[in-house]
Amino acid sequence: MSWGGKGGQWNRGGGVSAPVGRNPFAAAPAGSSPAAAGSAASGAPDEAATGPMLGKGSELQRVYMMPYNVGHDGGVNCMTIASDGKIYTGGRDERLFVWKPEPAPTGGFQLNQDCPPIQMGQSVTSLCYEPSSHWLFCGLWNGDIRAFCKEPIKDVTLAGHRRSVTCLLVHTSVLISGSNDGTVRLWTFNQQAGSFQCHGQPLTNPSGPVTCIRVLNGALWVGAQNGITCFDLTALTAKGTIQSEHQVTGLLEMQGYMIATFRDGSVKIYDGSGGEIFSRPPMGEHQSNTAVEVMMHPTTQKPMLLCGQQFGYITAYDLPEFKPRGSFCCKDRSDIKAIADAKSGGMFLTAGFHGDIMIWQWGATPGGGGQTASPFTGGAAAAQAPVASSPFAPAGQAGGGGMMM
């Protein structure tokens, strides 16, 4: 089953839609195809493909780097930012960290632990924070999902997947989880039982082990090892699959389109019906995709696509032109595992395979001087005693009570 092509409509034909050399976000066709860009000379950056190298003196500044002896002992697998500005990171060291941005004594700011790290017993492979219900969902390597509720304090485990939970998403009060076992599960909250239960049978994904999920136009897009499958959320059936030679590493919805990144460094954009309308092959030094994020540039107020790669590199592209703004290295040989937009002052966070966590800012003053307040939106967190069992519970307070989604 194939999905896309033939005018961008769902179909059961045999081929993948041919790329169209126009930008999906622009009103007019793009002036040139990305494939026309030249390749780099041996050992030199290809600015036509990935832009100039951004470093000291450029518009991008690193305003915080976590000390090497702080934080995760192993690689960071995932990261999310809550509505109150706290940052959650999960790692291969089987720990969940909660970070709170605070002013630094020497100026600027720093990330401090909000509580001791939570021992999860398994590598934390995915995170999702739902702001309206104050639930934090943690996908684990063994297939379980650990769920913490803030109001009231609660800690429950959702068992069902047989392998690592790679992605989590909340849509219309339903938790959606994707796993390396090749299934997608839908979880609803049971008020009487005070916990979550799997809704119906798990959805078997035709495109293999699941890597990422997004919802667009009432359909669930599932990125996986062998392509992208779309599920009708009303009928809970697969509508079709776009086959891919390379693993899908990320899906992002933007302005009614779906941006997909692939392991080989390529980027494709699809319309709401699954028609491929833009394709950028691997170019220059952009030969892999390990993480992806969209954020607004604070000066131009235009969206940028940040593509994290192996060996610690990130390339930023201006949209809708898809013009490379530049590339930079977070930590040498530390694959980028997560990028999170802080949605404040042009700041974003990165996390890497070596456990590194950094904060960057577009248009920042070199050195980050003059930064006196938290860079993240949301009210200041109330002081509370640290705990090691739940990221929400004060010391000595037991979890309990009902929950609402």
# chains A, B, ... in the order shown; residues from 1 in each chain; ligands from 1
$ residues_around --residues "Gly143 (chain A)" --least-positions-apart "3" --cutoff "7 Å" --atoms "only C-alpha atoms" --output "mmCIF file with C-alpha atoms, in the first residue's frame"
data_model
loop_
_atom_site.group_PDB
_atom_site.id
_atom_site.type_symbol
_atom_site.label_atom_id
_atom_site.label_comp_id
_atom_site.auth_asym_id
_atom_site.auth_seq_id
_atom_site.Cartn_x
_atom_site.Cartn_y
_atom_site.Cartn_z
ATOM 1 C CA LEU A 140 11.021 3.126 29.221
ATOM 2 C CA ALA A 159 2.337 -1.946 30.943
ATOM 3 C CA GLY A 160 1.650 -3.226 27.440
ATOM 4 C CA HIS A 161 4.471 -2.657 24.969
ATOM 5 C CA ARG A 162 7.041 -5.432 24.636
ATOM 6 C CA ARG A 163 9.984 -3.227 23.637
ATOM 7 C CA SER A 164 11.187 0.329 24.218
ATOM 8 C CA VAL A 165 8.628 3.151 24.068
#
$ residues_around --residues "Leu158 (chain A)" --least-positions-apart "2" --cutoff "8 Å" --atoms "only C-alpha atoms" --output "list of chain:residue names"
A:Asp144, A:Ile145, A:Arg146, A:Ala147, A:Val156, A:Gly160, A:Phe196, A:Gln197
$ closest_residue --among "A:Lys343, A:Arg263, A:Lys154, A:Lys331" --to "Gly250 (chain A)" --atoms "only C-alpha atoms"
A:Arg263
$ closest_residue --among "A:Gly352, A:Gly256, A:Pro282, A:Gly227" --to "Tyr270 (chain A)" --atoms "only C-alpha atoms"
A:Gly256
$ select_by_dssp --residues "region 67-313 of chain A" --states "strand (DSSP E)" --output "PyMOL selection string"
chain A and resi 76-81+87-91+95-103+109-113+118-119+124-130+135-140+145-149+154-158+165-171+174-179+183-190+195-198+203-204+210-216+219-224+227-232+237-243+248-254+257-262+267-270+276-280+291-296+303-308+313
$ closest_residue --among "A:Ala291, A:Ala342, A:Ala351, A:Val215" --to "Gly85 (chain A)" --atoms "only C-alpha atoms"
A:Ala342
$ residues_around --residues "Gly182 (chain A)" --least-positions-apart "3" --cutoff "6 Å" --atoms "only C-alpha atoms" --output "list in words"
Ser179, Asn205, Gly208, Pro209 and Val210 of chain A
$ write_last_selection --atoms "C-alpha atoms" --output "PDB file, in the first residue's frame"
ATOM      1  CA  SER A 179       7.229   1.381  20.372  1.00  0.00           C
ATOM      2  CA  ASN A 205       2.237  -0.549  12.220  1.00  0.00           C
ATOM      3  CA  GLY A 208       7.797  -1.477  11.230  1.00  0.00           C
ATOM      4  CA  PRO A 209       9.264  -0.365  14.573  1.00  0.00           C
ATOM      5  CA  VAL A 210       7.873   3.065  15.483  1.00  0.00           C
TER       6      VAL A 210
END
$ atom_distance --atom1 "CA of Thr300 (chain A)" --atom2 "CA of Phe109 (chain A)"
25.0 Å
$ residues_around --residues "Ala82 (chain A)" --least-positions-apart "3" --cutoff "9 Å" --atoms "only C-alpha atoms" --output "list in words"
Gly85, Lys86, Ile87, Tyr88, Cys128, Tyr129, Glu130, Pro131, His134, Leu136 and Gly378 of chain A
$ atom_distance --atom1 "CA of Cys230 (chain A)" --atom2 "CA of Gly274 (chain A)"
8.4 Å
$ closest_residue --among "A:Ile359, A:Ala316, A:Ile118, A:Val292" --to "Cys330 (chain A)" --atoms "only C-alpha atoms"
A:Ile359
$ atom_distance --atom1 "CA of Gln247 (chain A)" --atom2 "CA of Gly265 (chain A)"
10.2 Å
$ closest_residue --among "A:Leu168, A:Ala235, A:Leu252, A:Ile153" --to "Leu216 (chain A)" --atoms "only C-alpha atoms"
A:Leu252
$ residues_around --residues "region 48-65 of chain A" --least-positions-apart "3" --cutoff "6 Å" --atoms "only C-alpha atoms" --output "count of residues only"
16
$ closest_residue --among "A:Val76, A:Val248, A:Ile176, A:Ala238" --to "Thr204 (chain A)" --atoms "only C-alpha atoms"
A:Ala238
